[in-house]
file model-v7.pdb (PDB, C-alpha atoms (C1' of nucleotides))
MODEL        1
ATOM      1  CA  MET G  10      61.815  39.585  -7.847
ATOM      2  CA  ALA G  11      61.902  41.760 -10.942
ATOM      3  CA  SER G  12      58.555  42.357 -12.536
ATOM      4  CA  ILE G  13      58.004  40.885 -15.965
ATOM      5  CA  SER G  14      57.511  43.424 -18.686
ATOM      6  CA  ARG G  15      54.402  42.997 -20.772
ATOM      7  CA  LYS G  16      54.843  45.624 -23.369
ATOM      8  CA  PRO G  17      52.050  45.246 -25.894
ATOM      9  CA  LYS G  18      53.138  44.096 -29.304
ATOM     10  CA  LEU G  19      50.942  45.910 -31.795
ATOM     11  CA  TRP G  20      49.682  44.301 -34.959
ATOM     12  CA  THR G  21      50.596  45.777 -38.343
ATOM     13  CA  VAL G  22      48.240  46.024 -41.304
ATOM     14  CA  GLU G  23      50.252  43.313 -43.056
ATOM     15  CA  GLN G  24      49.952  41.010 -40.063
ATOM     16  CA  ASP G  25      46.212  41.637 -39.895
ATOM     17  CA  ASP G  26      45.851  40.812 -43.575
ATOM     18  CA  LEU G  27      47.832  37.625 -43.165
ATOM     19  CA  LEU G  28      45.780  36.576 -40.165
ATOM     20  CA  LYS G  29      42.523  37.204 -42.042
ATOM     21  CA  GLN G  30      43.839  35.132 -44.921
ATOM     22  CA  LEU G  31      44.806  32.260 -42.630
ATOM     23  CA  VAL G  32      41.448  32.270 -40.869
ATOM     24  CA  GLU G  33      39.782  32.236 -44.258
ATOM     25  CA  ASN G  34      41.820  29.167 -45.195
ATOM     26  CA  HIS G  35      41.626  27.226 -41.942
ATOM     27  CA  GLY G  36      38.601  28.561 -40.090
ATOM     28  CA  SER G  37      38.650  30.152 -36.674
ATOM     29  CA  GLN G  38      39.012  26.997 -34.595
ATOM     30  CA  THR G  39      42.557  25.880 -35.301
ATOM     31  CA  TRP G  40      44.734  28.522 -33.696
ATOM     32  CA  PRO G  41      47.888  26.438 -33.162
ATOM     33  CA  MET G  42      47.952  25.666 -36.901
ATOM     34  CA  ILE G  43      47.219  29.272 -37.799
ATOM     35  CA  CYS G  44      49.946  30.655 -35.576
ATOM     36  CA  GLN G  45      52.458  28.151 -36.970
ATOM     37  CA  GLU G  46      51.687  29.233 -40.506
ATOM     38  CA  PHE G  47      51.715  32.843 -39.403
ATOM     39  CA  LEU G  48      55.275  32.366 -38.129
ATOM     40  CA  GLU G  49      56.416  30.581 -41.284
ATOM     41  CA  THR G  50      54.963  33.231 -43.578
ATOM     42  CA  SER G  51      55.766  36.425 -41.690
ATOM     43  CA  GLY G  52      58.660  35.395 -39.469
ATOM     44  CA  VAL G  53      56.736  36.929 -36.555
ATOM     45  CA  LYS G  54      56.041  34.826 -33.491
ATOM     46  CA  ARG G  55      52.499  35.069 -32.191
ATOM     47  CA  THR G  56      50.893  32.624 -29.797
ATOM     48  CA  PRO G  57      47.591  30.932 -30.652
ATOM     49  CA  LYS G  58      45.990  33.023 -27.959
ATOM     50  CA  GLN G  59      47.303  36.265 -29.415
ATOM     51  CA  CYS G  60      46.016  35.311 -32.847
ATOM     52  CA  ARG G  61      42.631  34.433 -31.495
ATOM     53  CA  ASP G  62      42.368  37.640 -29.428
ATOM     54  CA  ARG G  63      43.304  39.763 -32.414
ATOM     55  CA  TRP G  64      40.714  38.023 -34.534
ATOM     56  CA  VAL G  65      37.917  38.182 -31.982
ATOM     57  CA  ASN G  66      38.591  41.706 -30.744
ATOM     58  CA  ASN G  67      39.386  43.445 -33.996
ATOM     59  CA  LEU G  68      39.012  41.499 -37.202
ATOM     60  CA  ARG G  69      36.076  39.136 -36.860
ATOM     61  CA  SER G  70      33.273  41.537 -37.608
ATOM     62  CA  GLU G  71      32.637  45.050 -38.798
ATOM     63  CA  LYS G  72      33.707  47.108 -35.816
ATOM     64  CA  ASN G  73      31.952  50.324 -34.901
ATOM     65  CA  ASP G  74      34.662  52.725 -33.734
ATOM     66  CA  ALA G  75      32.363  55.716 -33.375
ATOM     67  CA  PRO G  76      32.097  57.354 -29.946
ATOM     68  CA  TRP G  77      29.512  55.748 -27.693
ATOM     69  CA  LYS G  78      26.040  57.245 -27.877
ATOM     70  CA  GLU G  79      24.052  57.834 -24.723
ATOM     71  CA  GLU G  80      21.476  55.218 -25.806
ATOM     72  CA  GLU G  81      24.184  52.624 -26.362
ATOM     73  CA  VAL G  82      25.608  53.218 -22.913
ATOM     74  CA  MET G  83      22.166  52.835 -21.380
ATOM     75  CA  ILE G  84      21.599  49.606 -23.279
ATOM     76  CA  LEU G  85      24.970  48.352 -22.106
ATOM     77  CA  PHE G  86      24.198  48.989 -18.440
ATOM     78  CA  ASP G  87      20.731  47.488 -18.823
ATOM     79  CA  ASN G  88      22.239  44.394 -20.362
ATOM     80  CA  GLN G  89      24.936  44.175 -17.717
ATOM     81  CA  SER G  90      22.227  44.277 -15.121
ATOM     82  CA  LYS G  91      20.361  41.521 -16.975
ATOM     83  CA  TYR G  92      23.229  39.205 -17.901
ATOM     84  CA  GLY G  93      25.949  40.104 -15.425
ATOM     85  CA  ASN G  94      29.474  40.228 -16.795
ATOM     86  CA  GLN G  95      28.802  37.932 -19.715
ATOM     87  CA  TRP G  96      30.298  40.328 -22.217
ATOM     88  CA  SER G  97      30.099  37.883 -25.087
ATOM     89  CA  ILE G  98      26.324  37.668 -24.672
ATOM     90  CA  ILE G  99      25.998  41.418 -24.261
ATOM     91  CA  ALA G 100      28.139  41.963 -27.363
ATOM     92  CA  LYS G 101      25.737  39.876 -29.424
ATOM     93  CA  GLU G 102      22.946  42.290 -28.535
ATOM     94  CA  MET G 103      24.998  45.346 -29.413
ATOM     95  CA  LYS G 104      25.675  45.320 -33.091
ATOM     96  CA  GLY G 105      29.104  46.574 -34.111
ATOM     97  CA  ARG G 106      30.552  46.698 -30.601
ATOM     98  CA  THR G 107      33.070  44.043 -29.627
ATOM     99  CA  GLU G 108      33.349  42.360 -26.248
ATOM    100  CA  ASN G 109      36.533  44.275 -25.621
ATOM    101  CA  GLN G 110      34.941  47.628 -26.423
ATOM    102  CA  ILE G 111      32.050  46.834 -24.104
ATOM    103  CA  LYS G 112      34.292  45.695 -21.273
ATOM    104  CA  ASN G 113      36.518  48.732 -21.654
ATOM    105  CA  LEU G 114      33.637  51.165 -21.519
ATOM    106  CA  PHE G 115      32.098  49.441 -18.552
ATOM    107  CA  TYR G 116      35.238  49.273 -16.441
ATOM    108  CA  SER G 117      36.367  52.783 -17.327
ATOM    109  CA  THR G 118      32.958  54.105 -16.258
ATOM    110  CA  ILE G 119      33.182  52.256 -12.965
ATOM    111  CA  ARG G 120      36.735  53.440 -12.352
ATOM    112  CA  ARG G 121      35.900  57.040 -13.239
ATOM    113  CA  ASN G 122      32.934  57.142 -10.899
ATOM    114  CA  ILE G 123      34.786  55.505  -8.027
ATOM    115  CA  ARG G 124      37.514  58.108  -8.393
ATOM    116  CA  LYS G 125      35.034  60.990  -8.538
ATOM    117  CA  PHE G 126      32.969  59.656  -5.671
ATOM    118  CA  ASN G 127      35.963  59.029  -3.387
ATOM    119  CA  LYS G 128      37.563  62.392  -3.985
ATOM    120  CA  GLY G 129      37.631  64.415  -0.791
ATOM    121  CA  LYS G 130      35.958  61.712   1.285
ATOM    122  CA  LEU G 131      37.196  59.968   4.400
ATOM    123  CA  ASP G 132      38.363  56.402   4.135
ATOM    124  CA  LEU G 133      35.179  55.038   5.672
ATOM    125  CA  GLU G 134      33.027  56.960   3.227
ATOM    126  CA  ARG G 135      34.814  55.675   0.170
ATOM    127  CA  ILE G 136      33.806  52.986  -2.230
ATOM    128  CA  LYS G 137      36.480  50.332  -2.274
ATOM    129  CA  PHE G 138      36.401  48.140  -5.289
ATOM    130  CA  LYS G 139      37.198  44.478  -5.003
ATOM    131  CA  SER G 140      34.738  42.895  -7.375
ATOM    132  CA  LEU G 141      31.739  43.850  -9.444
ATOM    133  CA  SER G 142      29.498  42.052  -6.984
ATOM    134  CA  ILE G 143      29.180  45.342  -5.101
ATOM    135  CA  LEU G 144      26.964  46.433  -7.974
ATOM    136  CA  GLU G 145      24.302  44.121  -6.620
ATOM    137  CA  ASN G 146      23.592  46.919  -4.177
ATOM    138  CA  GLN G 147      21.286  49.269  -6.077
ATOM    139  CA  GLU G 148      22.601  52.372  -4.388
ATOM    140  CA  ILE G 149      26.225  51.608  -5.255
ATOM    141  CA  ARG G 150      25.161  50.625  -8.738
ATOM    142  CA  ASN G 151      23.441  53.962  -9.250
ATOM    143  CA  ILE G 152      26.581  55.812  -8.220
ATOM    144  CA  LEU G 153      29.034  53.735 -10.224
ATOM    145  CA  THR G 154      27.009  53.675 -13.422
ATOM    146  CA  THR G 155      26.379  57.393 -13.376
ATOM    147  CA  ARG G 156      26.928  59.065 -16.695
ATOM    148  CA  LYS G 157      29.906  61.222 -17.530
ATOM    149  CA  SER G 158      27.900  64.412 -17.739
ATOM    150  CA  ILE G 159      26.814  64.360 -14.094
ATOM    151  CA  SER G 160      28.206  67.264 -12.105
ATOM    152  CA  LYS G 161      30.947  67.063  -9.486
ATOM    153  CA  ASN G 162      28.398  68.144  -6.897
ATOM    154  CA  PHE G 163      26.541  64.911  -7.327
ATOM    155  CA  PHE G 164      29.584  62.977  -6.169
ATOM    156  CA  LEU G 165      30.596  65.481  -3.523
ATOM    157  CA  LYS G 166      27.225  65.458  -1.844
ATOM    158  CA  THR G 167      26.407  61.797  -2.178
ATOM    159  CA  PHE G 168      27.286  59.494   0.719
ATOM    160  CA  LEU G 169      26.766  55.823   1.273
ATOM    161  CA  THR G 170      24.100  54.417   3.540
ATOM    162  CA  LYS G 171      24.942  51.944   6.268
ATOM    163  CA  GLU G 172      23.726  49.100   4.099
ATOM    164  CA  ALA G 173      25.969  50.055   1.199
ATOM    165  CA  VAL G 174      28.954  50.405   3.494
ATOM    166  CA  ASN G 175      28.178  46.915   4.780
ATOM    167  CA  VAL G 176      28.183  45.535   1.260
ATOM    168  CA  ILE G 177      31.616  47.000   0.620
ATOM    169  CA  GLN G 178      33.024  45.998   3.978
ATOM    170  CA  SER G 179      31.798  42.437   3.565
ATOM    171  CA  GLN G 180      34.167  42.090   0.605
ATOM    172  CA  PHE G 181      37.053  42.986   2.848
ATOM    173  CA  SER G 182      35.888  41.124   5.926
ATOM    174  CA  GLN G 183      39.105  39.161   6.137
ATOM    175  CA  GLN G 184      41.167  42.305   6.253
ATOM    176  CA  GLN G 185      41.927  44.526   9.185
ATOM    177  CA  SER G 186      39.949  47.723   8.982
ATOM    178  CA  THR G 187      40.731  51.025  10.587
ATOM    179  CA  VAL G 188      38.416  53.613  12.047
ATOM    180  CA  CYS G 189      39.111  57.262  11.552
ATOM    181  CA  THR G 190      38.483  59.233  14.724
ATOM    182  CA  GLU G 191      39.273  62.680  13.483
ATOM    183  CA  ASN G 192      36.064  63.749  11.883
ATOM    184  CA  LYS G 193      32.765  63.813  13.724
ATOM    185  CA  THR G 194      30.780  65.133  10.818
ATOM    186  CA  ASN G 195      27.401  63.582  10.166
ATOM    187  CA  TYR G 196      27.066  61.390   7.140
ATOM    188  CA  LEU G 197      24.195  62.358   4.952
ATOM    189  CA  ALA G 198      23.047  59.343   3.036
ATOM    190  CA  LEU G 199      20.849  58.857   0.046
ATOM    191  CA  PRO G 200      17.537  57.164   0.660
ATOM    192  CA  GLU G 201      17.258  53.520  -0.167
ATOM    193  CA  MET G 202      15.250  53.595  -3.345
ATOM    194  CA  ASN G 203      15.523  53.141  -7.036
ATOM    195  CA  PHE G 204      16.365  56.246  -8.985
ATOM    196  CA  THR G 205      18.261  57.306 -12.013
ATOM    197  CA  THR G 206      20.467  60.334 -12.180
ATOM    198  CA  ASP G 207      17.812  61.978 -14.319
ATOM    199  CA  ASP G 208      15.416  61.835 -11.450
ATOM    200  CA  PHE G 209      16.946  64.560  -9.340
ATOM    201  CA  TYR G 210      19.309  67.438  -9.117
ATOM    202  CA  ILE G 211      21.121  68.960  -6.190
ATOM    203  CA  SER G 212      19.616  72.142  -4.900
ATOM    204  CA  ASP G 213      21.726  75.240  -4.768
ATOM    205  CA  ASP G 214      21.973  75.605  -1.016
ATOM    206  CA  SER G 215      25.708  75.512  -0.688
ATOM    207  CA  GLY G 216      25.638  77.445   2.582
ATOM    208  CA  SER G 217      23.429  74.867   4.227
ATOM    209  CA  SER G 218      24.761  72.061   6.334
ATOM    210  CA  ASN G 219      21.959  69.883   5.016
ATOM    211  CA  PRO G 220      22.433  69.242   1.310
ATOM    212  CA  THR G 221      19.142  68.546  -0.350
ATOM    213  CA  PHE G 222      18.344  66.340  -3.309
ATOM    214  CA  GLU G 223      15.335  67.325  -5.299
ATOM    215  CA  SER G 224      13.286  66.098  -8.188
ATOM    216  CA  GLU G 225      10.068  67.224  -9.792
ATOM    217  CA  ASP G 226       8.065  64.902  -7.603
ATOM    218  CA  LEU G 227      10.202  64.400  -4.576
ATOM    219  CA  LEU G 228      12.040  66.430  -2.023
ATOM    220  CA  TYR G 229      14.459  64.789   0.374
ATOM    221  CA  ASP G 230      16.375  66.135   3.256
ATOM    222  CA  ASN G 231      18.296  64.422   5.981
ATOM    223  CA  ASP G 232      15.183  63.097   7.695
ATOM    224  CA  TYR G 233      15.838  59.815   6.026
ATOM    225  CA  THR G 234      18.588  57.288   6.584
ATOM    226  CA  THR G 235      21.365  59.274   8.121
ATOM    227  CA  LEU G 236      24.501  57.577   9.306
ATOM    228  CA  GLU G 237      26.276  59.418  12.051
ATOM    229  CA  PHE G 238      29.961  58.956  12.527
ATOM    230  CA  SER G 239      29.507  58.521  16.265
ATOM    231  CA  ASP G 240      27.245  55.545  15.472
ATOM    232  CA  LEU G 241      30.073  53.953  13.592
ATOM    233  CA  LEU G 242      32.405  54.353  16.527
ATOM    234  CA  ASN G 243      29.910  52.920  18.977
ATOM    235  CA  ASN G 244      28.602  50.167  16.714
ATOM    236  CA  PRO G 245      31.278  49.031  14.324
ATOM    237  CA  ILE G 246      29.763  47.718  11.138
ATOM    238  CA  TYR G 247      32.338  45.062  10.471
TER     239      TYR G 247
ATOM    240  C1'  DA O   6      55.534  75.042 -22.285
ATOM    241  C1'  DA O   7      55.423  71.600 -18.968
ATOM    242  C1'  DC O   8      53.129  68.768 -16.066
ATOM    243  C1'  DC O   9      49.411  66.036 -14.396
ATOM    244  C1'  DG O  10      45.096  63.634 -14.333
ATOM    245  C1'  DT O  11      41.929  61.189 -16.972
ATOM    246  C1'  DG O  12      39.840  58.402 -20.662
ATOM    247  C1'  DT O  13      40.289  55.126 -24.246
ATOM    248  C1'  DC O  14      41.991  51.307 -26.504
ATOM    249  C1'  DA O  15      44.626  47.178 -27.747
ATOM    250  C1'  DA O  16      46.940  43.618 -25.883
ATOM    251  C1'  DC O  17      47.959  40.658 -22.229
ATOM    252  C1'  DC O  18      47.065  37.342 -18.452
ATOM    253  C1'  DG O  19      44.911  33.737 -15.760
ATOM    254  C1'  DC O  20      41.295  30.668 -14.972
ATOM    255  C1'  DC O  21      37.995  27.339 -16.371
ATOM    256  C1'  DA O  22      35.627  23.789 -18.980
ATOM    257  C1'  DG O  23      35.445  20.556 -22.599
ATOM    258  C1'  DA O  24      37.895  17.627 -25.803
ATOM    259  C1'  DT O  25      41.273  14.343 -26.649
ATOM    260  C1'  DA O  26      45.078  11.163 -26.039
TER     261       DA O  26
ATOM    262  C1'  DT Q  21      40.989   7.800 -14.862
ATOM    263  C1'  DT Q  22      44.261  11.212 -15.528
ATOM    264  C1'  DA Q  23      47.080  14.523 -17.927
ATOM    265  C1'  DT Q  24      47.452  17.716 -21.453
ATOM    266  C1'  DC Q  25      45.808  20.731 -24.896
ATOM    267  C1'  DT Q  26      42.828  24.191 -26.596
ATOM    268  C1'  DG Q  27      39.349  27.682 -26.923
ATOM    269  C1'  DG Q  28      36.571  30.910 -24.529
ATOM    270  C1'  DC Q  29      36.038  34.466 -21.552
ATOM    271  C1'  DG Q  30      36.456  37.959 -17.770
ATOM    272  C1'  DG Q  31      39.518  41.014 -15.766
ATOM    273  C1'  DT Q  32      43.893  43.867 -15.864
ATOM    274  C1'  DT Q  33      47.669  46.522 -17.669
ATOM    275  C1'  DG Q  34      50.343  49.735 -20.398
ATOM    276  C1'  DA Q  35      50.629  53.130 -24.021
ATOM    277  C1'  DC Q  36      48.999  57.029 -25.771
ATOM    278  C1'  DA Q  37      46.157  61.118 -26.604
ATOM    279  C1'  DC Q  38      43.980  64.947 -24.829
ATOM    280  C1'  DG Q  39      42.407  68.629 -21.903
ATOM    281  C1'  DG Q  40      42.997  71.434 -17.871
ATOM    282  C1'  DT Q  41      46.005  74.058 -14.886
TER     283       DT Q  41
ENDMDL
END
call {"tool": "encode", "arguments": {"input": "model-v7.pdb", "output": "structure tokens"}}
result
Amino acid sequence: MASISRKPKLWTVEQDDLLKQLVENHGSQTWPMICQEFLETSGVKRTPKQCRDRWVNNLRSEKNDAPWKEEEVMILFDNQSKYGNQWSIIAKEMKGRTENQIKNLFYSTIRRNIRKFNKGKLDLERIKFKSLSILENQEIRNILTTRKSISKNFFLKTFLTKEAVNVIQSQFSQQQSTVCTENKTNYLALPEMNFTTDDFYISDDSGSSNPTFESEDLLYDNDYTTLEFSDLLNNPIY
DNA sequence: AACCGTGTCAACCGCCAGATA
DNA sequence: TTATCTGGCGGTTGACACGGT
């Protein structure tokens, strides 16, 4: 079956002006009427849904198009943690940012960090995204909400604990999983604890087989939760 | 200069709940 | 009571710009 094209149909300034005018006349609750009048006036066919989306996402309020500040991003992730994916509620707390802007930033951050984290890792070590519920695991959340400025080393040297792997696998429990038998390398996992990416840096011991995460107060090595690949083979986790 | 990967944004889509006929 | 309509919302897609190689 041929896929249906969904080429976006961009709005012109004239169309925006007309839509604003119509909303002014009829209010923002009567979209079928608005889109009918829109068609009669402009000759352009837009569905009620398209009109509403355009209004809500771009025209309704004064939109802040400035690049996101670090504080805003932190507030966004705090709010997401508090309210879940209720973007409309989050948007109300973030003046000038629309629901769409907030959603876009959130998902692009998640996607970026998944890509960075998975790069160079074996299939079993990777974060597989099915739904945002995996963020309920604090460890995965810390990885996926990491800021843009964090170094590649952070992702290279960070591995999932058994518990985090379980969380991910549970989302795919209905699917057949495969076990890679080629690599017997130990998995070095982060400790199960709350931290922010400001709390530590990765020590410069690139020649060592035991990457070390350090902070001003804490020093970790692989004495803590370490997941060995042989364990996985002997005790499948799914 | 060309290509590729990545990030951002607007628009689209599908689902759900409430209102109404 | 049921079917249909509508608005609201979360999640996804496609286009485009930009930077790195």
call {"tool": "resolve_selection", "arguments": {"input": "model-v7.pdb", "expression": "the PyMOL selection byres ((chain O and resi 8) around 9)", "output": "list in words"}}
result
DA7 and DC9 of chain O; DT41 of chain Q
call {"tool": "resolve_selection", "arguments": {"input": "model-v7.pdb", "expression": "the PyMOL selection byres ((chain O) within 12 of (chain G))", "output": "NGL selection string"}}
result
:O and (10-18)
call {"tool": "residues_around", "arguments": {"input": "model-v7.pdb", "residues": "region 82-87 of chain G", "least_positions_apart": "2", "cutoff": "9 Å", "atoms": "all atoms listed in the file", "output": "PyMOL selection string"}}
result
chain G and resi 77-80+89-92+99-100+103+111+114-115+154+156
call {"tool": "interface_residues", "arguments": {"input": "model-v7.pdb", "of": "chain Q", "to": "chain G", "cutoff": "8 Å", "atoms": "only C-alpha atoms (C1' of nucleotides)", "output": "list of chain:residue names"}}
result
Q:DG27, Q:DC29, Q:DG30, Q:DG34
call {"tool": "atom_distance", "arguments": {"input": "model-v7.pdb", "atom1": "CA of Asp25 (chain G)", "atom2": "C1' of DC21 (chain O)"}}
result
28.7 Å
call {"tool": "atom_distance", "arguments": {"input": "model-v7.pdb", "atom1": "CA of Cys44 (chain G)", "atom2": "CA of Thr56 (chain G)"}}
result
6.2 Å
call {"tool": "atom_distance", "arguments": {"input": "model-v7.pdb", "atom1": "CA of Phe47 (chain G)", "atom2": "C1' of DG28 (chain Q)"}}
result
21.3 Å
